[in-house]
Number of protein chains: 2
Amino acid sequence: MSTPATNTEASETHGHGDISTGVAGGDSNASATRITPGNALRPEDIALEVRTGLAKPSGDVAEYALRLGDDALILAQRLGHWISRAPELEEDVALGNIALDQLGHARSFLTYAGGALGENGTPQSEDDLAYFRREHEFRSAHLFEQPNGDFAATIARQFVVSYYQFELYRRLTGSTDATLAAIAAKAVKEVDYHRDHSAQWVLRLAGGTDESRKRMIHGLKLMWPYVGELFEDDALVTRLAEAGAAVVPSSIREDFDRLTGEVFAEAELEVPDVPSAPGGGRQGKHSEHLGYILAEMQVLAREHPGANW
Amino acid sequence: MSTPATNTEASETHGHGDISTGVAGGDSNASATRITPGNALRPEDIALEVRTGLAKPSGDVAEYALRLGDDALILAQRLGHWISRAPELEEDVALGNIALDQLGHARSFLTYAGGALGENGTPQSEDDLAYFRREHEFRSAHLFEQPNGDFAATIARQFVVSYYQFELYRRLTGSTDATLAAIAAKAVKEVDYHRDHSAQWVLRLAGGTDESRKRMIHGLKLMWPYVGELFEDDALVTRLAEAGAAVVPSSIREDFDRLTGEVFAEAELEVPDVPSAPGGGRQGKHSEHLGYILAEMQVLAREHPGANW
């Protein structure tokens, strides 16, 4: 396949060059964190920095981290359902691994977000944010809560997600917020694999049987209405981007279109011509799907609040 | 905790010493496989050896591999349901990783089993065996199909499974069947982690709140009736053990009791005093649970048999 090799090392080296397409330079917001891109970063490390005050996100940064974390969390929940249910056992393992990668990214982003969001001055934990927020407090885009559908629909969703996340995280490695940059540096390497995985499946299904091609086209049609929301700017990201902390979503659309376009061309598929669905996820407006996802995800923790068993 | 450190390297070195508690020596059954313990082993490697005839399990070995593979497959299916549903996000990731490890072991064992089980002389694939067998053709023990219950019940099941599998795989690294030995050598390292994970949780829950201790005790009581079946011998394993290929289940009971006993002692728990449930899983007799698990696991592949999309 012709997808260009992605060179994560290179993109890290000139991270500010990449991010400058979306954000202004400067590091006036550089935090006092000891976290630097390139370190192996665990959510526990971030939790420690948050608890000790070494990493303290602004309200804007926390809200931004919540968006990225919720995207990953909701997707992980959807993908987890594929374990032992994919058309091939090998694929079970692959989708399960992607689910766990996304869950790991969610843990990091939510842990960091929790540092600014506590009402009583103490940080909220990743678990507080995952299990005790209500539907309208989630900030994920609508694409992430779309049903799995058949295997081709899941691949279509993953294809869009992976190309979007890769471009986003690649630029975010140059963020003036050291914690966001460090989370992104770890995540982009994993998402690079997700991107390759989904592109290979798009090609395989599109070039397979009549049935598989039909399903691939249908899956892409189901997911494409939710692409637009991913690239919508608003006041929050614009403010953060001016300080060099965030990536302006609209700035990565061109690369997304070009790179997914290369896969479409090789697969002899056309970009779906479907109207955009209304978004609103970043403001807490969700489809009916999210409520069911949250009910399932939150039931255990809510039955025993604070039990810590 | 006082669980002795397990030295996989050491146990591999004197694998025949260990396995000799359960099987006779000799390597008259050594296969012509190029697979040797210590190589990183993927199911794809086994599939290649099976297709080319380099690894060709006897009917007995295939049946034995099916037992081990089905145990892991059914457990993976159960554990997969915990993704984004554990009481802590961190735990979601841990249980998800254990599920994927088990699925990996299942793929290897089933791929190998398929080499002997084809009706028309061609190997059956892991997917054939996972998705197109009927309930009475599955060979998993009843413990593996027990419902997740609450988190403590899942931990209790995992505790028993991990200590059982660790002792089994550790001895199986000395098998005269090179493929079984190689699969076991890879699996034992991963199961060593599962063992530590579940033991830590038993200690944490037993030593936590009154509620957590009560649930841990209850979880162990739920699972203990299914312990006995794991250590039952029959004609098949006895034949295989005489050739040095398999581990006699009853031969590992003593180590299992001693090592789990150390955790019970440290947790100040008593070994549950409950009657054994009737077994029969190795002969294809299952509880009503397995049918539901299979229905969910097999639906997609069966809707599109051979579609290969």
# chains A, B, ... in the order shown; residues from 1 in each chain; ligands from 1
$ interface_residues --of "chain A" --to "chain B" --cutoff "6 Å" --atoms "only C-alpha atoms" --output "number ranges by chain"
A: 77, 80, 83-85, 87, 93, 100, 212, 297, 301, 309
$ residues_around --residues "Pro272 of chain B" --least-positions-apart "6" --cutoff "9 Å" --atoms "only C-alpha atoms" --output "mmCIF file with N, CA and C atoms, in the first residue's frame"
data_model
loop_
_atom_site.group_PDB
_atom_site.id
_atom_site.type_symbol
_atom_site.label_atom_id
_atom_site.label_comp_id
_atom_site.auth_asym_id
_atom_site.auth_seq_id
_atom_site.Cartn_x
_atom_site.Cartn_y
_atom_site.Cartn_z
ATOM 1 N N ILE B 217 -14.305 -13.350 49.971
ATOM 2 C CA ILE B 217 -14.640 -14.673 50.504
ATOM 3 C C ILE B 217 -15.766 -15.296 49.680
ATOM 4 N N LEU B 220 -14.483 -16.468 46.212
ATOM 5 C CA LEU B 220 -13.732 -17.723 46.296
ATOM 6 C C LEU B 220 -14.676 -18.910 46.490
ATOM 7 N N LYS B 221 -15.714 -18.695 47.284
ATOM 8 C CA LYS B 221 -16.703 -19.764 47.502
ATOM 9 C C LYS B 221 -17.424 -20.125 46.212
ATOM 10 N N TRP B 224 -14.684 -22.121 43.997
ATOM 11 C CA TRP B 224 -13.966 -23.289 44.487
ATOM 12 C C TRP B 224 -14.566 -24.645 44.080
ATOM 13 N N PRO B 225 -15.884 -24.743 43.911
ATOM 14 C CA PRO B 225 -16.421 -26.046 43.480
ATOM 15 C C PRO B 225 -15.854 -26.526 42.143
#
$ select_by_dssp --residues "segment 24-271 of chain B" --states "helix (DSSP H, G or I)" --output "JSON, numbers by chain"
{"B": [43, 44, 45, 46, 47, 48, 49, 50, 51, 59, 60, 61, 62, 63, 64, 65, 66, 67, 68, 69, 70, 71, 72, 73, 74, 75, 76, 77, 78, 79, 80, 89, 90, 91, 92, 93, 94, 95, 96, 97, 98, 99, 100, 101, 102, 103, 104, 105, 106, 107, 108, 109, 110, 111, 112, 113, 114, 115, 116, 117, 126, 127, 128, 129, 130, 131, 135, 136, 137, 142, 143, 144, 145, 151, 152, 153, 154, 155, 156, 157, 158, 159, 160, 161, 162, 163, 164, 165, 166, 167, 168, 169, 170, 171, 172, 178, 179, 180, 181, 182, 183, 184, 185, 186, 187, 188, 189, 190, 191, 192, 193, 194, 195, 196, 197, 198, 199, 200, 201, 202, 203, 204, 205, 206, 210, 211, 212, 213, 214, 215, 216, 217, 218, 219, 220, 221, 222, 223, 224, 225, 226, 227, 228, 229, 230, 235, 236, 237, 238, 239, 240, 241, 242, 249, 250, 251, 252, 253, 254, 255, 256, 257, 258, 259, 260, 261, 262, 263, 264, 265, 266, 267]}
$ atom_distance --atom1 "atom CA of Val188 of chain B" --atom2 "atom CA of Leu203 of chain B"
22.3 Å
$ closest_residue --among "A:Val263, A:Ala141, A:Leu230, A:Ala243" --to "Ala72 of chain A" --atoms "only C-alpha atoms"
A:Ala141
$ residues_around --residues "segment 57-66 of chain A" --least-positions-apart "4" --cutoff "7 Å" --atoms "only C-alpha atoms" --output "PyMOL selection string"
chain A and resi 70+109-110+112-113+115-116+139+236
$ decode --residues "segment 71-82 of chain A" --atoms "all heavy atoms" --output "PDB file, in the first residue's frame"
ATOM      1  N   ASP A  71     -12.775  11.193  23.952  1.00  0.00           N
ATOM      2  CA  ASP A  71     -12.749  10.530  22.637  1.00  0.00           C
ATOM      3  C   ASP A  71     -12.193   9.112  22.779  1.00  0.00           C
ATOM      4  O   ASP A  71     -12.780   8.138  22.311  1.00  0.00           O
ATOM      5  CB  ASP A  71     -11.843  11.305  21.656  1.00  0.00           C
ATOM      6  CG  ASP A  71     -12.466  12.592  21.131  1.00  0.00           C
ATOM      7  OD1 ASP A  71     -13.655  12.849  21.413  1.00  0.00           O
ATOM      8  OD2 ASP A  71     -11.755  13.345  20.442  1.00  0.00           O
ATOM      9  N   ALA A  72     -11.037   9.024  23.429  1.00  0.00           N
ATOM     10  CA  ALA A  72     -10.348   7.735  23.537  1.00  0.00           C
ATOM     11  C   ALA A  72     -11.109   6.763  24.433  1.00  0.00           C
ATOM     12  O   ALA A  72     -11.198   5.564  24.151  1.00  0.00           O
ATOM     13  CB  ALA A  72      -8.928   7.948  24.064  1.00  0.00           C
ATOM     14  N   LEU A  73     -11.680   7.289  25.511  1.00  0.00           N
ATOM     15  CA  LEU A  73     -12.399   6.434  26.462  1.00  0.00           C
ATOM     16  C   LEU A  73     -13.629   5.790  25.826  1.00  0.00           C
ATOM     17  O   LEU A  73     -13.877   4.585  25.981  1.00  0.00           O
ATOM     18  CB  LEU A  73     -12.822   7.263  27.687  1.00  0.00           C
ATOM     19  CG  LEU A  73     -13.611   6.520  28.762  1.00  0.00           C
ATOM     20  CD1 LEU A  73     -12.748   5.453  29.429  1.00  0.00           C
ATOM     21  CD2 LEU A  73     -14.139   7.502  29.819  1.00  0.00           C
ATOM     22  N   ILE A  74     -14.403   6.584  25.125  1.00  0.00           N
ATOM     23  CA  ILE A  74     -15.640   6.069  24.528  1.00  0.00           C
ATOM     24  C   ILE A  74     -15.313   5.081  23.410  1.00  0.00           C
ATOM     25  O   ILE A  74     -15.955   4.030  23.270  1.00  0.00           O
ATOM     26  CB  ILE A  74     -16.518   7.227  24.007  1.00  0.00           C
ATOM     27  CG1 ILE A  74     -16.887   8.171  25.169  1.00  0.00           C
ATOM     28  CG2 ILE A  74     -17.767   6.702  23.318  1.00  0.00           C
ATOM     29  CD1 ILE A  74     -17.549   7.494  26.354  1.00  0.00           C
ATOM     30  N   LEU A  75     -14.271   5.382  22.652  1.00  0.00           N
ATOM     31  CA  LEU A  75     -13.867   4.442  21.601  1.00  0.00           C
ATOM     32  C   LEU A  75     -13.397   3.119  22.198  1.00  0.00           C
ATOM     33  O   LEU A  75     -13.718   2.035  21.675  1.00  0.00           O
ATOM     34  CB  LEU A  75     -12.753   5.047  20.745  1.00  0.00           C
ATOM     35  CG  LEU A  75     -12.260   4.156  19.604  1.00  0.00           C
ATOM     36  CD1 LEU A  75     -13.351   3.924  18.561  1.00  0.00           C
ATOM     37  CD2 LEU A  75     -11.022   4.754  18.937  1.00  0.00           C
ATOM     38  N   ALA A  76     -12.644   3.187  23.287  1.00  0.00           N
ATOM     39  CA  ALA A  76     -12.158   1.954  23.925  1.00  0.00           C
ATOM     40  C   ALA A  76     -13.326   1.083  24.355  1.00  0.00           C
ATOM     41  O   ALA A  76     -13.310  -0.139  24.192  1.00  0.00           O
ATOM     42  CB  ALA A  76     -11.274   2.291  25.125  1.00  0.00           C
ATOM     43  N   GLN A  77     -14.349   1.722  24.890  1.00  0.00           N
ATOM     44  CA  GLN A  77     -15.532   0.983  25.319  1.00  0.00           C
ATOM     45  C   GLN A  77     -16.184   0.275  24.132  1.00  0.00           C
ATOM     46  O   GLN A  77     -16.542  -0.899  24.206  1.00  0.00           O
ATOM     47  CB  GLN A  77     -16.503   1.969  25.987  1.00  0.00           C
ATOM     48  CG  GLN A  77     -17.880   1.429  26.271  1.00  0.00           C
ATOM     49  CD  GLN A  77     -17.884   0.426  27.406  1.00  0.00           C
ATOM     50  OE1 GLN A  77     -16.869   0.167  28.038  1.00  0.00           O
ATOM     51  NE2 GLN A  77     -19.041  -0.158  27.649  1.00  0.00           N
ATOM     52  N   ARG A  78     -16.328   0.985  23.032  1.00  0.00           N
ATOM     53  CA  ARG A  78     -16.911   0.378  21.827  1.00  0.00           C
ATOM     54  C   ARG A  78     -16.051  -0.780  21.335  1.00  0.00           C
ATOM     55  O   ARG A  78     -16.555  -1.868  21.023  1.00  0.00           O
ATOM     56  CB  ARG A  78     -17.033   1.423  20.712  1.00  0.00           C
ATOM     57  CG  ARG A  78     -18.208   2.391  20.855  1.00  0.00           C
ATOM     58  CD  ARG A  78     -19.521   1.677  20.662  1.00  0.00           C
ATOM     59  NE  ARG A  78     -20.634   2.588  20.415  1.00  0.00           N
ATOM     60  CZ  ARG A  78     -21.895   2.302  20.735  1.00  0.00           C
ATOM     61  NH1 ARG A  78     -22.194   1.161  21.342  1.00  0.00           N
ATOM     62  NH2 ARG A  78     -22.864   3.147  20.464  1.00  0.00           N
ATOM     63  N   LEU A  79     -14.758  -0.562  21.240  1.00  0.00           N
ATOM     64  CA  LEU A  79     -13.866  -1.578  20.667  1.00  0.00           C
ATOM     65  C   LEU A  79     -13.753  -2.815  21.557  1.00  0.00           C
ATOM     66  O   LEU A  79     -13.564  -3.924  21.070  1.00  0.00           O
ATOM     67  CB  LEU A  79     -12.473  -0.995  20.425  1.00  0.00           C
ATOM     68  CG  LEU A  79     -12.337  -0.021  19.257  1.00  0.00           C
ATOM     69  CD1 LEU A  79     -10.933   0.582  19.244  1.00  0.00           C
ATOM     70  CD2 LEU A  79     -12.632  -0.704  17.930  1.00  0.00           C
ATOM     71  N   GLY A  80     -13.865  -2.606  22.872  1.00  0.00           N
ATOM     72  CA  GLY A  80     -13.745  -3.737  23.787  1.00  0.00           C
ATOM     73  C   GLY A  80     -14.767  -4.825  23.498  1.00  0.00           C
ATOM     74  O   GLY A  80     -14.526  -6.001  23.765  1.00  0.00           O
ATOM     75  N   HIS A  81     -15.901  -4.425  22.934  1.00  0.00           N
ATOM     76  CA  HIS A  81     -16.948  -5.408  22.625  1.00  0.00           C
ATOM     77  C   HIS A  81     -16.539  -6.383  21.537  1.00  0.00           C
ATOM     78  O   HIS A  81     -17.200  -7.394  21.335  1.00  0.00           O
ATOM     79  CB  HIS A  81     -18.229  -4.689  22.213  1.00  0.00           C
ATOM     80  CG  HIS A  81     -19.005  -4.191  23.383  1.00  0.00           C
ATOM     81  ND1 HIS A  81     -20.322  -4.458  23.569  1.00  0.00           N
ATOM     82  CD2 HIS A  81     -18.630  -3.462  24.446  1.00  0.00           C
ATOM     83  CE1 HIS A  81     -20.746  -3.899  24.700  1.00  0.00           C
ATOM     84  NE2 HIS A  81     -19.724  -3.287  25.242  1.00  0.00           N
ATOM     85  N   TRP A  82     -15.475  -6.075  20.813  1.00  0.00           N
ATOM     86  CA  TRP A  82     -15.067  -6.970  19.733  1.00  0.00           C
ATOM     87  C   TRP A  82     -14.248  -8.148  20.223  1.00  0.00           C
ATOM     88  O   TRP A  82     -13.970  -9.076  19.469  1.00  0.00           O
ATOM     89  CB  TRP A  82     -14.270  -6.208  18.672  1.00  0.00           C
ATOM     90  CG  TRP A  82     -15.146  -5.490  17.701  1.00  0.00           C
ATOM     91  CD1 TRP A  82     -15.384  -4.154  17.645  1.00  0.00           C
ATOM     92  CD2 TRP A  82     -15.909  -6.060  16.630  1.00  0.00           C
ATOM     93  NE1 TRP A  82     -16.247  -3.857  16.615  1.00  0.00           N
ATOM     94  CE2 TRP A  82     -16.589  -5.013  15.983  1.00  0.00           C
ATOM     95  CE3 TRP A  82     -16.098  -7.365  16.171  1.00  0.00           C
ATOM     96  CZ2 TRP A  82     -17.430  -5.222  14.891  1.00  0.00           C
ATOM     97  CZ3 TRP A  82     -16.933  -7.570  15.089  1.00  0.00           C
ATOM     98  CH2 TRP A  82     -17.598  -6.506  14.448  1.00  0.00           C
TER      99      TRP A  82
END
